[in-house]
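Participant: Below is the file entry06.txt, which contains compact mmCIF, C-alpha atoms.
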# COMPACT_ATOMS: atom_id res chain seq x y z
CA MET O 5 11.51 -12.38 -23.05
CA ASN O 6 8.88 -9.67 -22.85
CA ASN O 7 9.21 -7.74 -19.57
CA GLN O 8 6.29 -5.40 -20.21
CA THR O 9 3.23 -5.53 -17.98
CA PRO O 10 0.38 -7.09 -20.00
CA SER O 11 -2.37 -4.68 -20.94
CA ILE O 12 -5.65 -5.01 -19.06
CA THR O 13 -8.44 -5.95 -21.41
CA GLY O 14 -12.18 -6.29 -21.18
CA ALA O 15 -14.57 -8.68 -22.87
CA ASN O 16 -17.65 -7.92 -24.90
CA ALA O 17 -19.81 -10.86 -23.87
CA GLY O 18 -20.25 -13.32 -21.04
CA ARG O 19 -18.02 -11.49 -18.59
CA SER O 20 -18.57 -9.42 -15.50
CA ARG O 21 -19.96 -5.90 -15.84
CA GLN O 22 -17.89 -4.92 -12.82
CA HIS O 23 -14.75 -6.26 -14.50
CA ASN O 24 -15.34 -4.09 -17.56
CA ARG O 25 -16.03 -1.02 -15.40
CA GLN O 26 -12.69 -1.59 -13.70
CA VAL O 27 -10.97 -1.99 -17.07
CA VAL O 28 -12.35 1.32 -18.32
CA LEU O 29 -11.58 3.14 -15.07
CA GLY O 30 -8.05 1.72 -15.10
CA HIS O 31 -7.35 3.08 -18.58
CA ILE O 32 -8.79 6.49 -17.69
CA ARG O 33 -6.73 6.61 -14.51
CA LYS O 34 -3.55 5.73 -16.41
CA ALA O 35 -4.15 8.24 -19.22
CA GLY O 36 -5.43 11.11 -17.10
CA ALA O 37 -7.84 12.12 -19.86
CA ILE O 38 -8.89 9.88 -22.74
CA GLY O 39 -11.69 9.43 -25.31
CA ARG O 40 -14.09 6.55 -25.92
CA ALA O 41 -12.38 5.25 -29.07
CA GLU O 42 -8.96 5.21 -27.42
CA ILE O 43 -10.34 3.22 -24.49
CA ALA O 44 -11.98 0.77 -26.88
CA ARG O 45 -8.72 0.21 -28.77
CA ALA O 46 -6.70 -0.23 -25.57
CA SER O 47 -9.22 -2.50 -23.82
CA GLY O 48 -10.58 -4.64 -26.64
CA LEU O 49 -14.13 -3.59 -25.77
CA SER O 50 -16.46 -2.31 -28.44
CA THR O 51 -16.94 1.45 -28.70
CA GLN O 52 -20.62 0.97 -27.82
CA ALA O 53 -19.74 -1.03 -24.70
CA VAL O 54 -17.28 1.70 -23.64
CA SER O 55 -19.93 4.38 -24.26
CA ASN O 56 -22.44 2.53 -22.07
CA ILE O 57 -19.89 2.10 -19.26
CA ILE O 58 -18.85 5.76 -19.41
CA ALA O 59 -22.49 6.81 -19.21
CA ASP O 60 -22.89 4.69 -16.06
CA LEU O 61 -19.70 6.08 -14.53
CA LEU O 62 -20.74 9.65 -15.28
CA GLY O 63 -24.08 8.91 -13.63
CA ASP O 64 -22.31 7.51 -10.58
CA GLY O 65 -20.16 10.64 -10.36
CA LEU O 66 -16.86 8.74 -10.77
CA LEU O 67 -15.99 10.48 -14.07
CA ARG O 68 -16.28 13.98 -15.48
CA PRO O 69 -15.73 15.44 -18.95
CA SER O 70 -12.17 16.71 -19.29
CA GLY O 71 -12.18 18.91 -22.37
CA HIS O 72 -11.94 18.02 -26.04
CA ARG O 73 -9.17 16.92 -28.34
CA SER O 74 -9.00 17.33 -32.09
CA ALA O 75 -8.78 14.01 -33.93
CA GLY O 76 -8.32 15.22 -37.48
CA ARG O 77 -11.46 15.58 -39.54
CA GLY O 78 -14.75 15.75 -37.74
CA ALA O 79 -15.85 17.14 -34.42
CA PRO O 80 -13.39 17.31 -31.50
CA VAL O 81 -13.42 14.19 -29.33
CA THR O 82 -14.68 14.47 -25.74
CA GLN O 83 -12.08 13.41 -23.18
CA TYR O 84 -12.98 11.89 -19.82
CA GLY O 85 -11.08 11.95 -16.54
CA LEU O 86 -11.61 10.89 -12.96
CA ASN O 87 -13.75 12.99 -10.65
CA PRO O 88 -11.48 12.97 -7.56
CA LEU O 89 -14.37 13.56 -5.16
CA GLY O 90 -16.65 11.09 -6.92
CA GLY O 91 -15.59 8.40 -4.47
CA LEU O 92 -13.86 8.35 -1.09
CA ALA O 93 -12.02 5.60 0.76
CA LEU O 94 -11.54 5.42 4.53
CA GLY O 95 -8.29 3.89 5.76
CA VAL O 96 -7.74 2.88 9.38
CA GLU O 97 -4.72 1.52 11.22
CA VAL O 98 -5.69 -0.17 14.49
CA ARG O 99 -2.88 -0.37 17.04
CA PRO O 100 -3.05 -1.65 20.63
CA ASP O 101 -2.86 1.95 21.88
CA ALA O 102 -4.27 4.08 19.06
CA ILE O 103 -6.32 4.34 15.88
CA ILE O 104 -5.06 6.34 12.90
CA ALA O 105 -7.64 7.19 10.25
CA SER O 106 -7.17 8.71 6.80
CA LEU O 107 -9.64 9.67 4.07
CA LEU O 108 -8.44 9.60 0.44
CA ASP O 109 -10.08 10.71 -2.79
CA LEU O 110 -9.97 8.71 -6.04
CA GLU O 111 -6.61 10.21 -6.99
CA GLY O 112 -5.07 9.13 -3.70
CA SER O 113 -4.91 12.61 -2.18
CA SER O 114 -5.32 12.76 1.57
CA LEU O 115 -8.36 14.81 2.61
CA PHE O 116 -8.36 14.08 6.34
CA THR O 117 -6.07 12.36 8.82
CA THR O 118 -6.44 11.97 12.57
CA ARG O 119 -5.14 9.90 15.48
CA THR O 120 -7.15 8.76 18.50
CA ASP O 121 -5.44 7.25 21.53
CA LEU O 122 -6.99 4.11 23.01
CA GLU O 123 -6.98 2.81 26.56
CA CYS O 124 -8.42 -0.46 25.27
CA ALA O 125 -8.46 -1.91 21.75
CA ASP O 126 -11.14 -4.57 22.24
CA PRO O 127 -13.73 -5.08 19.47
CA PRO O 128 -16.59 -2.95 20.91
CA THR O 129 -14.25 -0.02 21.60
CA VAL O 130 -12.65 -0.14 18.15
CA ALA O 131 -16.02 -0.47 16.38
CA GLY O 132 -17.42 2.51 18.27
CA GLN O 133 -14.39 4.66 17.58
CA LEU O 134 -14.43 3.82 13.88
CA THR O 135 -18.02 4.95 13.40
CA ARG O 136 -17.16 8.21 15.17
CA LEU O 137 -14.08 8.75 12.99
CA ARG O 138 -16.05 7.96 9.82
CA ASP O 139 -18.59 10.65 10.70
CA GLN O 140 -15.83 13.09 11.68
CA ALA O 141 -14.06 12.58 8.33
CA LEU O 142 -17.23 13.11 6.29
CA GLU O 143 -18.11 16.22 8.30
CA HIS O 144 -14.62 17.59 7.65
CA VAL O 145 -14.89 17.23 3.85
CA GLU O 146 -18.61 18.14 3.83
CA LEU O 147 -19.56 15.21 1.62
CA PRO O 148 -22.38 12.66 2.04
CA ALA O 149 -21.83 9.13 3.31
CA ARG O 150 -22.84 7.68 -0.09
CA LYS O 151 -19.49 8.90 -1.48
CA LEU O 152 -17.67 6.34 0.68
CA VAL O 153 -16.95 3.29 -1.49
CA GLY O 154 -15.34 1.22 1.26
CA ALA O 155 -12.94 1.04 4.18
CA GLY O 156 -9.55 -0.58 4.53
CA ILE O 157 -8.54 -1.74 8.01
CA VAL O 158 -4.93 -2.43 8.97
CA MET O 159 -4.37 -4.66 12.00
CA PRO O 160 -1.24 -6.27 13.46
CA GLY O 161 -0.08 -9.51 11.79
CA PRO O 162 0.64 -12.34 11.40
CA PHE O 163 -3.06 -13.21 11.21
CA GLY O 164 -4.23 -16.33 13.02
CA MET O 165 -1.03 -16.69 15.07
CA ARG O 166 -0.31 -15.71 18.66
CA GLY O 167 3.00 -14.79 20.26
CA PHE O 168 4.88 -14.94 16.96
CA SER O 169 6.07 -11.35 16.70
CA GLU O 170 9.10 -10.15 18.65
CA GLY O 171 7.46 -7.85 21.20
CA ALA O 172 4.58 -6.46 19.14
CA SER O 173 1.40 -6.52 21.20
CA ASP O 174 -1.65 -8.46 20.11
CA LEU O 175 -5.05 -6.81 20.04
CA PRO O 176 -7.11 -8.05 23.03
CA GLY O 177 -10.30 -9.98 22.41
CA TRP O 178 -9.95 -10.38 18.63
CA GLU O 179 -8.88 -14.04 18.58
CA ASN O 180 -12.28 -15.42 17.52
CA ILE O 181 -13.64 -12.30 15.81
CA ASP O 182 -13.97 -11.76 12.06
CA PRO O 183 -12.87 -8.09 11.88
CA ALA O 184 -14.20 -7.57 8.34
CA GLU O 185 -17.68 -8.71 9.38
CA LEU O 186 -17.76 -6.80 12.67
CA LEU O 187 -16.31 -3.54 11.39
CA GLY O 188 -18.17 -3.71 8.09
CA ALA O 189 -21.45 -3.91 9.99
CA ALA O 190 -20.42 -1.04 12.28
CA LEU O 191 -19.38 1.21 9.38
CA ALA O 192 -22.11 0.05 6.97
CA LEU O 193 -19.38 -0.30 4.33
CA PRO O 194 -17.51 -3.03 2.48
CA VAL O 195 -14.35 -3.64 4.53
CA THR O 196 -10.96 -5.02 3.51
CA VAL O 197 -8.66 -6.16 6.33
CA GLU O 198 -4.93 -6.19 5.62
CA ASN O 199 -1.56 -6.26 7.36
CA ASP O 200 0.50 -3.08 7.60
CA ALA O 201 3.20 -3.98 5.05
CA ASN O 202 0.67 -4.76 2.32
CA ALA O 203 -1.26 -1.59 3.05
CA ALA O 204 1.90 0.53 2.99
CA ALA O 205 2.95 -1.05 -0.30
CA MET O 206 -0.36 -0.04 -1.85
CA ALA O 207 -0.05 3.50 -0.47
CA GLU O 208 3.14 3.93 -2.46
CA ARG O 209 1.32 2.89 -5.65
CA VAL O 210 -1.59 5.29 -5.14
CA SER O 211 0.19 8.35 -3.77
CA GLY O 212 3.91 7.61 -3.43
CA ILE O 213 7.00 6.69 -5.39
CA ALA O 214 5.45 3.56 -6.95
CA ARG O 215 2.89 5.47 -9.04
CA GLY O 216 2.86 3.87 -12.47
CA LEU O 217 4.49 0.64 -11.23
CA ASP O 218 2.68 -2.69 -11.29
CA SER O 219 5.22 -5.18 -9.90
CA TYR O 220 7.40 -4.18 -6.97
CA ALA O 221 8.38 -5.17 -3.44
CA TYR O 222 8.06 -2.97 -0.35
CA LEU O 223 10.10 -3.53 2.81
CA TYR O 224 8.09 -1.98 5.62
CA PHE O 225 9.64 -0.84 8.91
CA GLY O 226 6.89 -1.22 11.49
CA ALA O 227 7.50 -2.65 14.95
CA GLY O 228 9.19 -5.48 13.08
CA LEU O 229 10.02 -5.78 9.38
CA GLY O 230 7.33 -6.70 6.85
CA LEU O 231 7.13 -7.17 3.11
CA GLY O 232 4.41 -6.27 0.63
CA VAL O 233 4.67 -7.59 -2.94
CA LEU O 234 2.58 -6.42 -5.88
CA ALA O 235 2.40 -8.47 -9.07
CA ALA O 236 0.50 -7.01 -12.04
CA GLY O 237 -1.11 -4.50 -9.67
CA CYS O 238 -2.43 -7.11 -7.22
CA LEU O 239 -1.14 -7.89 -3.75
CA MET O 240 0.26 -11.33 -3.02
CA ARG O 241 -1.46 -12.36 0.24
CA GLY O 242 -0.85 -16.06 0.73
CA ALA O 243 -3.25 -18.70 2.02
CA HIS O 244 -3.94 -16.91 5.34
CA GLY O 245 -2.98 -13.31 4.56
CA ASN O 246 0.55 -13.75 5.95
CA ALA O 247 2.65 -13.67 2.77
CA GLY O 248 5.61 -11.35 3.20
CA GLU O 249 6.53 -12.01 6.85
CA VAL O 250 10.14 -11.43 5.83
CA GLY O 251 11.17 -10.47 9.35
CA TYR O 252 11.22 -14.12 10.36
CA ILE O 253 13.60 -15.39 7.69
CA PRO O 254 16.94 -16.59 9.16
CA VAL O 255 20.07 -14.54 8.43
CA PRO O 256 23.68 -14.85 9.68
CA SER O 257 24.92 -12.52 12.43
CA ALA O 258 27.73 -12.27 14.98
CA ARG O 259 25.43 -14.26 17.32
CA GLY O 260 24.79 -16.97 14.74
CA ILE O 261 21.63 -17.45 12.71
CA VAL O 262 18.86 -15.10 13.86
CA PRO O 263 15.51 -13.80 12.48
CA LEU O 264 16.07 -10.82 10.20
CA GLU O 265 14.01 -8.38 12.25
CA THR O 266 16.20 -8.92 15.32
CA LEU O 267 18.83 -7.03 13.28
CA VAL O 268 16.65 -4.75 11.14
CA SER O 269 13.49 -3.24 12.64
CA ARG O 270 12.20 -0.41 14.81
CA LEU O 271 12.36 -2.63 17.90
CA SER O 272 15.89 -3.66 16.98
CA VAL O 273 17.28 -0.13 16.76
CA ARG O 274 15.53 0.89 19.97
CA ARG O 275 17.11 -2.04 21.79
CA ALA O 276 20.55 -1.22 20.42
CA LEU O 277 20.27 2.40 21.53
CA ALA O 278 18.80 1.49 24.93
CA ALA O 279 21.77 -0.79 25.57
CA ALA O 280 23.95 2.31 25.15
CA GLY O 281 21.75 4.35 27.51
CA ILE O 282 19.85 6.21 24.77
CA LEU O 283 16.07 5.99 25.11
CA VAL O 284 14.10 6.72 21.94
CA THR O 285 10.37 7.33 22.32
CA ASP O 286 9.69 8.47 18.75
CA MET O 287 11.41 7.43 15.54
CA SER O 288 11.83 11.09 14.53
CA GLU O 289 14.51 11.29 17.25
CA LEU O 290 16.70 9.06 15.08
CA THR O 291 17.17 11.92 12.63
CA ALA O 292 19.09 14.03 15.16
CA LEU O 293 21.08 10.98 16.28
CA TYR O 294 21.97 10.21 12.67
CA HIS O 295 23.11 13.75 11.89
CA ALA O 296 25.22 13.64 15.08
CA GLN O 297 26.70 10.33 13.85
CA SER O 298 25.77 8.67 17.15
CA PRO O 299 28.16 5.69 17.55
CA PRO O 300 25.45 3.24 18.76
CA LEU O 301 23.20 4.16 15.84
CA MET O 302 26.03 3.92 13.31
CA ALA O 303 26.99 0.52 14.73
CA TRP O 304 23.39 -0.64 14.32
CA LEU O 305 23.37 0.57 10.73
CA ASP O 306 26.64 -1.28 10.06
CA GLN O 307 25.09 -4.62 11.03
CA ALA O 308 21.65 -3.86 9.55
CA ALA O 309 22.78 -3.05 6.00
CA PRO O 310 24.35 -6.46 5.15
CA ALA O 311 21.38 -8.37 6.57
CA LEU O 312 18.95 -6.18 4.63
CA SER O 313 21.04 -6.63 1.47
CA LEU O 314 20.66 -10.40 1.73
CA ALA O 315 16.90 -10.06 2.19
CA ALA O 316 16.53 -7.65 -0.74
CA GLN O 317 18.47 -9.92 -3.10
CA THR O 318 16.38 -12.90 -2.02
CA ILE O 319 13.23 -10.90 -2.74
CA GLU O 320 14.56 -9.94 -6.17
CA ASN O 321 15.26 -13.54 -7.15
CA LEU O 322 11.93 -14.81 -5.81
CA PHE O 323 9.63 -12.13 -7.26
CA ASP O 324 11.54 -10.31 -10.05
CA PRO O 325 10.18 -6.88 -9.00
CA GLN O 326 10.66 -3.66 -10.94
CA THR O 327 12.29 -2.29 -7.78
CA VAL O 328 12.48 -2.84 -4.02
CA ILE O 329 11.18 0.07 -1.92
CA LEU O 330 12.15 0.77 1.70
CA GLY O 331 9.74 2.73 3.89
CA GLY O 332 7.65 2.93 7.03
CA ALA O 333 8.54 4.22 10.47
CA MET O 334 12.24 4.87 9.84
CA PRO O 335 13.24 8.51 9.11
CA ALA O 336 14.38 9.34 5.58
CA PRO O 337 18.08 9.88 6.46
CA VAL O 338 18.28 6.42 8.05
CA LEU O 339 16.59 4.76 5.09
CA ASP O 340 18.83 6.64 2.67
CA HIS O 341 21.90 5.47 4.60
CA LEU O 342 20.75 1.86 4.44
CA ILE O 343 20.11 2.11 0.70
CA ASP O 344 23.51 3.71 0.10
CA HIS O 345 25.30 1.00 2.10
CA MET O 346 23.40 -2.08 0.96
CA SER O 347 25.63 -4.24 -1.20
CA MET O 348 23.41 -5.49 -4.02
CA ALA O 349 25.26 -8.37 -5.65
CA GLU O 350 25.25 -9.09 -9.37
CA ALA O 351 23.90 -12.61 -8.68
CA SER O 352 20.31 -11.41 -9.03
CA VAL O 353 17.72 -11.36 -11.78
CA SER O 354 17.43 -7.64 -11.12
CA ALA O 355 21.08 -6.98 -12.03
CA ARG O 356 20.33 -6.52 -15.70
CA ALA O 357 21.28 -4.02 -18.37
CA GLY O 358 18.83 -1.37 -19.48
CA ARG O 359 17.17 -0.80 -16.11
CA THR O 360 15.02 2.33 -15.97
CA LEU O 361 14.67 2.24 -12.16
CA PRO O 362 17.24 1.77 -9.38
CA ARG O 363 17.08 -1.61 -7.68
CA LEU O 364 16.40 0.17 -4.37
CA LEU O 365 14.19 3.19 -3.71
CA ARG O 366 12.99 5.04 -0.60
CA GLY O 367 9.25 5.30 -0.12
CA THR O 368 7.60 8.71 0.02
CA ALA O 369 4.09 7.98 1.37
CA GLY O 370 4.99 9.27 4.88
CA ARG O 371 4.61 8.08 8.46
CA THR O 372 0.85 7.54 8.21
CA THR O 373 1.54 5.22 5.29
CA ALA O 374 -0.29 2.21 6.78
CA ALA O 375 -3.58 4.09 7.28
CA GLN O 376 -3.26 5.74 3.87
CA GLY O 377 -2.41 2.36 2.40
CA ALA O 378 -5.54 0.84 3.90
CA ALA O 379 -7.60 3.42 2.00
CA ALA O 380 -5.41 2.92 -1.07
CA LEU O 381 -6.35 -0.77 -1.08
CA VAL O 382 -9.97 0.23 -1.52
CA ILE O 383 -9.13 2.68 -4.31
CA ASN O 384 -6.99 0.09 -6.10
CA GLN O 385 -9.92 -2.34 -6.13
CA ILE O 386 -11.93 0.22 -8.08
CA PHE O 387 -9.36 0.32 -10.87
CA THR O 388 -7.91 -3.21 -10.93
CA PRO O 389 -9.94 -6.12 -12.35
CA GLN O 390 -9.88 -9.11 -10.02
CA ILE O 391 -11.00 -11.73 -12.54
CA SER O 392 -9.46 -13.01 -15.73
CA ALA O 393 -10.79 -11.66 -18.98
CA GLN O 394 -9.96 -14.86 -20.82
CA PRO O 395 -12.91 -16.79 -22.29
As structure tokens, please, write out the structure in this file.
Facilitator:
Amino acid sequence: MNNQTPSITGANAGRSRQHNRQVVLGHIRKAGAIGRAEIARASGLSTQAVSNIIADLLGDGLLRPSGHRSAGRGAPVTQYGLNPLGGLALGVEVRPDAIIASLLDLEGSSLFTTRTDLECADPPTVAGQLTRLRDQALEHVELPARKLVGAGIVMPGPFGMRGFSEGASDLPGWENIDPAELLGAALALPVTVENDANAAAMAERVSGIARGLDSYAYLYFGAGLGLGVLAAGCLMRGAHGNAGEVGYIPVPSARGIVPLETLVSRLSVRRALAAAGILVTDMSELTALYHAQSPPLMAWLDQAAPALSLAAQTIENLFDPQTVILGGAMPAPVLDHLIDHMSMAEASVSARAGRTLPRLLRGTAGRTTAAQGAAALVINQIFTPQISAQP
């Protein structure tokens, strides 16, 4: 069986111009710097088609010449690379009590990040705040609004369901609102709306530990526990955008069968510590508790690791990912402890010889990963064709 990710190819006739632009951009992004003929060979497009696309991309400011490379006889070959500031993506995480905004360039580097507290998260308030934050971000980087290629908006999930999450607050007044339509009109931008786990998973691909990976799973510690899955570079969303609500799968515990996130989540650890008289207001406080080997925290970790192991192995057998990444609101020492103590059984498609990656990795995108991931979703759409290139 061939386990390699299939190459992304273009088509010379009868296909979408946008598709072929994405194909070319994807190869340039992967190579760093590459010439026309190399792109043509890798993509299946004609050299003339590649030349025309590169001319358009240079005109749009998305590419720039990146030196020359000798190719034997003849003149040196011009190489092309991304222009990091040729396009910008705005990422926004909307919470019931705050908005976190992040601006990324085409290489996934963060140019601007800010947090604004909210007294109310109703649609008019959020729309007004987003336009202000958009203008603030552009003023900070001193670039024109035309450089913005889109905005990614992260909102609490599951979408279309009320009272389903264990204690996570809903956003007021959004029940009958299409957020993409409302916020797109307010920002004057194309808008992608996503849940936090999917956005965080994409952040790891653009600027974190999943760079260069196309098929992986990401377990996201938010208020609950979410899952983002990428297959061939594309997110798996489900019929209503709720694929990956792994926190609700049933797992065994000392209390019987319970939802996974009652044992493994930010809310879960806070409850366990509160029961022992330890109030945690910020997840960074867990680092000191971990280094002090706080008995309530260690007891929580002891019951969380087996439950998370079962979930990770289920994910492996369902999706055959290159790796499973843990990240989100939990501090690095806590995530590292979980990874070190998760018992990953051999009864998994991922327990195979010749692995080049560990089965479990810790994410590196940081605590603003959801907002950065929202922007990363927009960037990924620039480089990843969304239609088949088959005739």
Participant: Could you give me, as a PyMOL selection string, the residues within 12 Å of O:Leu283, counting all atoms listed in the file and dropping anything in the same chain fewer than 6 positions from it?
Facilitator: chain O and resi 271+273-277+289-290+293+300-301
Participant: What's around stretch 24-40 of chain O at 6 Å? Count all atoms listed in the file, leave out sequence neighbours fewer than 3 positions away in its own chain, and write the answer as a PyMOL selection string.
Facilitator: chain O and resi 14+21+43+82-85+386-389
Participant: Separation of atom CA of O:Arg150 and atom CA of O:Asp64, in Å?
Facilitator: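 Interatomic distance here is 10.5 Å.
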Participant: Contacts of stretch 358-362 of chain O at 9 Å or less, counting all atoms listed in the file, minus same-chain residues fewer than 5 places along, as a list in words?
Facilitator: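 Near stretch 358-362 of chain O, the qualifying residues are Gln326, Thr327 and Val328 of chain O.
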Participant: For C-alpha atoms, I'd like the residues from the last selection saved as a PDB file, keeping the file's coordinate frame.
Facilitator:
ATOM      1  CA  GLN O 326      10.660  -3.660 -10.940  1.00  0.00           C
ATOM      2  CA  THR O 327      12.290  -2.290  -7.780  1.00  0.00           C
ATOM      3  CA  VAL O 328      12.480  -2.840  -4.020  1.00  0.00           C
TER       4      VAL O 328
END
Participant: Need to verify the contact set: O:Ile104, 9 Å, only C-alpha atoms, exclusion of same-chain residues closer than 5 positions in sequence. Can you return it as a short mmCIF file (atom, residue, chain, number, x, y, z; two decimals) with C-alpha atoms, keeping the file's coordinate frame?
Facilitator:
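File result-v1.cif, as written:
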data_model
loop_
_atom_site.label_atom_id
_atom_site.label_comp_id
_atom_site.auth_asym_id
_atom_site.auth_seq_id
_atom_site.Cartn_x
_atom_site.Cartn_y
_atom_site.Cartn_z
CA GLY O 95 -8.29 3.89 5.76
CA VAL O 96 -7.74 2.88 9.38
CA GLU O 97 -4.72 1.52 11.22
CA VAL O 98 -5.69 -0.17 14.49
CA ARG O 99 -2.88 -0.37 17.04
CA THR O 117 -6.07 12.36 8.82
CA THR O 118 -6.44 11.97 12.57
CA ARG O 119 -5.14 9.90 15.48
CA THR O 120 -7.15 8.76 18.50
CA ASP O 121 -5.44 7.25 21.53
CA THR O 372 0.85 7.54 8.21
CA ALA O 374 -0.29 2.21 6.78
CA ALA O 375 -3.58 4.09 7.28
#
Participant: Please identify all polymer residues within 9 Å of O:Gly91, counting all atoms listed in the file, omitting same-chain residues fewer than 4 positions from it, and present them as a VMD selection string.
Facilitator: chain O and resid 65 to 66 87 108 to 110 150 to 153 383
Participant: Which is closest to O:Asn384 among O:Ala93, O:Ala296, O:Leu339, O:Leu330, if we use only C-alpha atoms?
Facilitator: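 Closest to O:Asn384, using only C-alpha atoms: O:Ala93.
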Participant: Show me a table, sorted first by chain and then by increasing residue number, of the residues of stretch 212-247 of chain O having an atom at most 7 Å from stretch 188-202 of chain O, each with its shortest atom pair and the distance in Å to one decimal, counting all atoms listed in the file and written as a tab-separated table.
Facilitator:
residue	atom	partner	partner_atom	distance
O:Tyr224	CA	O:Ala201	CA	5.3
O:Gly230	CA	O:Ala201	CA	5.3
O:Leu231	CA	O:Ala201	CA	5.4
O:Gly232	CA	O:Asn202	CA	4.4
Participant: What box, with edges along x, y and z, holds each listed atom of stretch 53-67 of chain O when 3 Å is added on every side, and can you state its centre and edge lengths in Å to one decimal, as JSON?
Facilitator:
{"center_x": -20.0, "center_y": 4.8, "center_z": -17.5, "size_x": 14.1, "size_y": 17.7, "size_z": 20.3}
Participant: What does the distance from atom CA of O:Gln385 to atom CA of O:Pro127 come to in Å, to one decimal?
Facilitator: 26.0 Å
Participant: Can you tell me how far atom CA of O:Arg366 sits from atom CA of O:Leu312, in Å to one decimal?
Facilitator: 13.7 Å
Participant: In terms of the shortest atom-to-atom distance over all atoms listed in the file, which of O:Phe116, O:Phe225, O:Tyr220, O:Tyr294 is closest to O:Arg371?
Facilitator: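 Looking only at the distances to O:Arg371, the closest residue turns out to be O:Phe225.
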Participant: Kindly indicate which residue among O:Met334, O:Ala141, O:Ala207, O:Met159 lies nearest to O:Ala125, using all atoms listed in the file for the distances.
Facilitator: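 Between O:Met334, O:Ala141, O:Ala207, O:Met159, the residue approaching O:Ala125 most closely is O:Met159.
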Participant: Between O:Met206, O:Ala278, O:Val130, O:Leu107, which is the closest to O:Gly237 once you count all atoms listed in the file?
Facilitator: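 Using all atoms listed in the file, O:Gly237 sits closest to O:Met206.
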